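Below is one structure; the comments refer to it alone.
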Amino acid sequence: MLENSSHNVELTSSEIANLWTQYMNDSSSICILTHSIEQAKDEEVKDILIFARSLAETHIEKISEFFHHEHFPIPKGFTIEEDVNTNAPALFTDTFMLVYMHVMTLLGLTGYAGAVATSSRLDQIKYFTQCNMETMELYERIAKVMLKKGIYSKPPRINAPKQVDYVEHDRFLTGWFGKKRALSAVEISGISFNMVKIIVKVVLEIGFGQVAQREEVQKYFQRGKALCEKQFGRLSSVLTKGELASPASWVSEVTSSTTPPFSDKLMLNHIVILVAAAIGYYGAGMSVSQRRDLAYEYTRLMAEVGLYVEDGAGLLIKYGWLEQPPLADNRESLANKK
């Protein structure tokens, strides 16, 4: 019996959104992980993929239970039968799949923390807290293997300050003209974090563009690759000017296969969701940047990504691939039905 059910406490709109979004994301993950498990050659990477899939499958079962109890329609999401070609060769190497899982786990941790913070029903708080704990375990496993294999891209190191200092002049905020101050540790962290996520999107767009069946979808991925590479380069130049290292690039980790392992629907949805999430992470980076030139750069990045996401959503709608999230009642429409 689900907690709160005896009191007939309905799910709030935030709780519905959390469950619906997780269902869509996990159904997509199951598809990608299932194909990757079939093709994985490295046993350590394979074990991580299997563990990650088991978590996603458990989530799908639990969310279905929540929705069934609330007499709420179960989302369609993505299925292995319709969206995966299990016989297709590997599109990405095991190395990239480990890097990909690292970034996806970071996104999951952020999402689950937000879900806990926007839930009021005790069963929802308990469920998403559990999801967060499981994902933390997954992250630890991934980080351990990445460190062991020497493929963990650590953020740039800086030397420890000799003392605690306070900002004495508003020149600390400048960045347009004259000599710029050095980047702060907080600013470096935000830039590096965003660059790690950008490079994963670049590799995905290279691979997906290589196997997409529809020309329009293929061109969309190629456009996204060019955009992400440009944005990666702009952020990299900021670090370079500060004599700091940029995260590693994984663009060589795409195989030569041209056989699509996934449907265009799955690949396009996945890219649009990831790029849309980037807007929020750029916003987070901007919020901790106290140099004006960095804030402006983040604003430009968000505007460019926003246009790209809008065009991607248009393609999803055109081909009937954009599943509609739950909507509030249209009161005017209901009144007109009388």
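Labels for the structure tokens follow display order: chains A, B, ..., residues from 1 in each chain, ligands from 1.
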Closest contacts (stretch 210-276 of chain A/stretch 19-36 of chain A, max 8 Å, only C-alpha atoms) as JSON lines:
```
{"residue": "A:Pro261", "atom": "CA", "partner": "A:His35", "partner_atom": "CA", "distance": 7.2}
{"residue": "A:Phe262", "atom": "CA", "partner": "A:Ile32", "partner_atom": "CA", "distance": 7.6}
{"residue": "A:Leu266", "atom": "CA", "partner": "A:Ser28", "partner_atom": "CA", "distance": 7.0}
{"residue": "A:His270", "atom": "CA", "partner": "A:Ser28", "partner_atom": "CA", "distance": 7.6}
```
Study note, to complete from the structure: Between atom CA of A:Cys228 and atom CA of A:Asn18 lies a distance of 27.8 Å
Write out as a short mmCIF file (atom, residue, chain, number, x, y, z; two decimals) with N, CA and C atoms, in the first residue's frame the residues lying within 12 Å of stretch 38-43 of chain A, counting only C-alpha atoms and excluding same-chain residues fewer than 5 positions away.
```
data_model
loop_
_atom_site.label_atom_id
_atom_site.label_comp_id
_atom_site.auth_asym_id
_atom_site.auth_seq_id
_atom_site.Cartn_x
_atom_site.Cartn_y
_atom_site.Cartn_z
N CYS A 31 16.49 1.78 -23.38
CA CYS A 31 16.75 1.47 -24.79
C CYS A 31 18.24 1.62 -25.12
N ILE A 32 18.82 2.74 -24.73
CA ILE A 32 20.24 2.99 -25.04
C ILE A 32 21.13 1.99 -24.31
N LEU A 33 20.83 1.72 -23.05
CA LEU A 33 21.65 0.80 -22.27
C LEU A 33 21.55 -0.63 -22.77
N ILE A 48 28.65 -1.78 -15.16
CA ILE A 48 28.04 -0.49 -14.84
C ILE A 48 26.77 -0.28 -15.64
N LEU A 49 26.81 -0.61 -16.93
CA LEU A 49 25.63 -0.45 -17.79
C LEU A 49 24.48 -1.33 -17.31
N ILE A 50 24.80 -2.55 -16.90
CA ILE A 50 23.77 -3.47 -16.41
C ILE A 50 23.15 -2.95 -15.12
N VAL A 84 14.81 0.34 -30.80
CA VAL A 84 16.17 -0.22 -30.72
C VAL A 84 16.35 -1.32 -31.75
N ASN A 85 17.47 -1.30 -32.43
CA ASN A 85 17.89 -2.40 -33.31
C ASN A 85 19.03 -3.09 -32.59
N THR A 86 18.70 -4.15 -31.87
CA THR A 86 19.70 -4.83 -31.04
C THR A 86 20.79 -5.51 -31.87
N ASN A 87 20.54 -5.69 -33.17
CA ASN A 87 21.54 -6.33 -34.04
C ASN A 87 22.53 -5.34 -34.64
N ALA A 88 22.29 -4.05 -34.44
CA ALA A 88 23.18 -3.03 -35.01
C ALA A 88 24.53 -3.06 -34.29
N PRO A 89 25.62 -2.82 -35.02
CA PRO A 89 26.94 -2.76 -34.37
C PRO A 89 27.02 -1.58 -33.40
N ALA A 90 28.03 -1.59 -32.57
CA ALA A 90 28.24 -0.49 -31.62
C ALA A 90 28.47 0.82 -32.37
N LEU A 91 27.85 1.87 -31.89
CA LEU A 91 28.04 3.20 -32.49
C LEU A 91 29.11 3.98 -31.73
N PHE A 92 29.27 3.66 -30.45
CA PHE A 92 30.26 4.34 -29.62
C PHE A 92 31.14 3.31 -28.92
N THR A 93 32.36 3.69 -28.59
CA THR A 93 33.27 2.79 -27.89
C THR A 93 32.87 2.66 -26.42
N ASP A 94 33.41 1.64 -25.77
CA ASP A 94 33.16 1.46 -24.34
C ASP A 94 33.67 2.66 -23.54
N THR A 95 34.77 3.24 -23.97
CA THR A 95 35.31 4.41 -23.28
C THR A 95 34.31 5.55 -23.27
N PHE A 96 33.72 5.83 -24.44
CA PHE A 96 32.74 6.92 -24.48
C PHE A 96 31.51 6.58 -23.67
N MET A 97 31.06 5.34 -23.71
CA MET A 97 29.87 4.97 -22.94
C MET A 97 30.08 5.20 -21.45
N LEU A 98 31.31 5.03 -20.99
CA LEU A 98 31.61 5.30 -19.58
C LEU A 98 31.54 6.81 -19.31
N VAL A 145 35.87 3.44 -11.81
CA VAL A 145 36.37 2.80 -13.04
C VAL A 145 37.06 3.83 -13.93
N LYS A 149 40.96 3.70 -15.13
CA LYS A 149 41.35 3.65 -16.54
C LYS A 149 42.02 4.93 -17.01
N THR A 255 32.38 4.94 -33.62
CA THR A 255 32.80 3.89 -34.55
C THR A 255 32.43 4.29 -35.99
N PRO A 261 21.36 2.06 -34.48
CA PRO A 261 20.97 1.21 -33.35
C PRO A 261 19.67 1.70 -32.70
#
```
Exercise for review: Using DSSP on the backbone coordinates, identify all residues within stretch 54-276 of chain A classified as strand (DSSP E or B); present the result as a PyMOL selection string.
Suggested key: chain A and resi 84+92+254+262
I need the residues from that last selection saved to file as an mmCIF file, in the first residue's frame (with C-alpha atoms), if you can.
```
data_model
loop_
_atom_site.group_PDB
_atom_site.id
_atom_site.type_symbol
_atom_site.label_atom_id
_atom_site.label_comp_id
_atom_site.auth_asym_id
_atom_site.auth_seq_id
_atom_site.Cartn_x
_atom_site.Cartn_y
_atom_site.Cartn_z
ATOM 1 C CA VAL A 84 16.165 -0.216 -30.722
ATOM 2 C CA PHE A 92 30.261 4.338 -29.621
ATOM 3 C CA VAL A 254 32.587 7.106 -32.528
ATOM 4 C CA PHE A 262 18.151 3.579 -32.346
#
```
Practice item. From a DSSP pass on the backbone, collect the residues of stretch 15-142 of chain A flagged as alpha helix (DSSP H) and hand them back as a ChimeraX atom specification. Key: /A:15-39,43-69,80-83,94-117,122-142
For those residues, write C-alpha atoms to a file as a short mmCIF file (atom, residue, chain, number, x, y, z; two decimals), in the first residue's frame.
```
data_model
loop_
_atom_site.label_atom_id
_atom_site.label_comp_id
_atom_site.auth_asym_id
_atom_site.auth_seq_id
_atom_site.Cartn_x
_atom_site.Cartn_y
_atom_site.Cartn_z
CA GLU A 15 4.96 15.47 -8.38
CA ILE A 16 3.21 14.48 -11.61
CA ALA A 17 5.88 16.37 -13.57
CA ASN A 18 8.67 14.61 -11.65
CA LEU A 19 7.24 11.15 -12.28
CA TRP A 20 6.33 11.81 -15.93
CA THR A 21 9.76 13.24 -16.73
CA GLN A 22 11.56 10.38 -15.02
CA TYR A 23 9.45 7.83 -16.87
CA MET A 24 10.35 9.38 -20.22
CA ASN A 25 14.05 9.62 -19.36
CA ASP A 26 14.32 6.12 -17.94
CA SER A 27 12.45 4.49 -20.82
CA SER A 28 14.97 6.18 -23.13
CA SER A 29 17.87 5.04 -20.94
CA ILE A 30 16.70 1.42 -20.99
CA CYS A 31 16.75 1.47 -24.79
CA ILE A 32 20.24 2.99 -25.04
CA LEU A 33 21.65 0.80 -22.27
CA THR A 34 20.18 -2.42 -23.68
CA HIS A 35 21.96 -1.94 -27.01
CA SER A 36 25.17 -0.82 -25.29
CA ILE A 37 25.19 -3.87 -23.01
CA GLU A 38 24.90 -6.16 -26.04
CA GLN A 39 27.90 -4.49 -27.69
CA GLU A 43 33.48 -6.21 -18.48
CA GLU A 44 33.83 -3.35 -15.99
CA VAL A 45 31.93 -1.00 -18.29
CA LYS A 46 29.35 -3.71 -18.98
CA ASP A 47 28.72 -4.22 -15.26
CA ILE A 48 28.04 -0.49 -14.84
CA LEU A 49 25.63 -0.45 -17.79
CA ILE A 50 23.77 -3.47 -16.41
CA PHE A 51 23.49 -1.89 -12.97
CA ALA A 52 22.25 1.38 -14.49
CA ARG A 53 19.63 -0.45 -16.56
CA SER A 54 18.39 -2.35 -13.51
CA LEU A 55 17.85 0.96 -11.71
CA ALA A 56 15.94 2.41 -14.68
CA GLU A 57 13.74 -0.70 -14.95
CA THR A 58 12.92 -0.51 -11.24
CA HIS A 59 11.98 3.16 -11.67
CA ILE A 60 9.64 2.38 -14.56
CA GLU A 61 7.86 -0.26 -12.46
CA LYS A 62 7.52 2.05 -9.48
CA ILE A 63 6.28 5.02 -11.50
CA SER A 64 3.75 2.80 -13.25
CA GLU A 65 2.53 1.72 -9.83
CA PHE A 66 2.15 5.35 -8.72
CA PHE A 67 0.25 6.31 -11.87
CA HIS A 68 -1.96 3.21 -11.76
CA HIS A 69 -2.93 3.96 -8.18
CA ILE A 80 13.07 -1.69 -27.18
CA GLU A 81 10.65 -3.17 -29.73
CA GLU A 82 10.05 0.14 -31.53
CA ASP A 83 13.19 2.17 -30.85
CA ASP A 94 33.16 1.46 -24.34
CA THR A 95 35.31 4.41 -23.28
CA PHE A 96 32.74 6.92 -24.48
CA MET A 97 29.87 4.97 -22.94
CA LEU A 98 31.61 5.30 -19.58
CA VAL A 99 32.04 9.06 -20.10
CA TYR A 100 28.41 9.28 -21.27
CA MET A 101 27.19 7.47 -18.16
CA HIS A 102 29.23 9.81 -15.99
CA VAL A 103 27.48 12.88 -17.43
CA MET A 104 24.02 11.28 -17.45
CA THR A 105 24.45 10.32 -13.80
CA LEU A 106 25.34 13.93 -12.96
CA LEU A 107 22.12 15.03 -14.66
CA GLY A 108 20.19 12.38 -12.75
CA LEU A 109 21.52 13.53 -9.38
CA THR A 110 20.47 17.08 -10.15
CA GLY A 111 17.01 15.95 -11.26
CA TYR A 112 16.37 13.75 -8.23
CA ALA A 113 17.44 16.46 -5.81
CA GLY A 114 14.99 18.81 -7.51
CA ALA A 115 12.24 16.19 -7.34
CA VAL A 116 12.71 15.78 -3.59
CA ALA A 117 12.62 19.55 -3.13
CA LEU A 122 5.78 11.41 1.90
CA ASP A 123 5.87 8.50 -0.55
CA GLN A 124 7.24 10.82 -3.26
CA ILE A 125 9.91 12.26 -0.97
CA LYS A 126 10.92 8.77 0.10
CA TYR A 127 10.94 7.45 -3.48
CA PHE A 128 13.09 10.21 -4.98
CA THR A 129 15.42 10.18 -1.97
CA GLN A 130 15.96 6.49 -2.69
CA CYS A 131 16.55 7.27 -6.38
CA ASN A 132 19.18 9.80 -5.38
CA MET A 133 20.95 7.33 -3.11
CA GLU A 134 21.01 4.68 -5.84
CA THR A 135 22.35 7.17 -8.36
CA MET A 136 25.06 8.25 -5.94
CA GLU A 137 26.14 4.62 -5.76
CA LEU A 138 26.13 4.43 -9.56
CA TYR A 139 28.20 7.63 -9.76
CA GLU A 140 30.75 6.24 -7.31
CA ARG A 141 31.09 3.06 -9.38
CA ILE A 142 31.55 5.07 -12.59
#
```
Check your understanding: Smallest atom-to-atom distance to A:Ser256: which of A:Val217, A:Ile206, A:Leu147, A:Ala185, using only C-alpha atoms?
Key -> A:Ile206
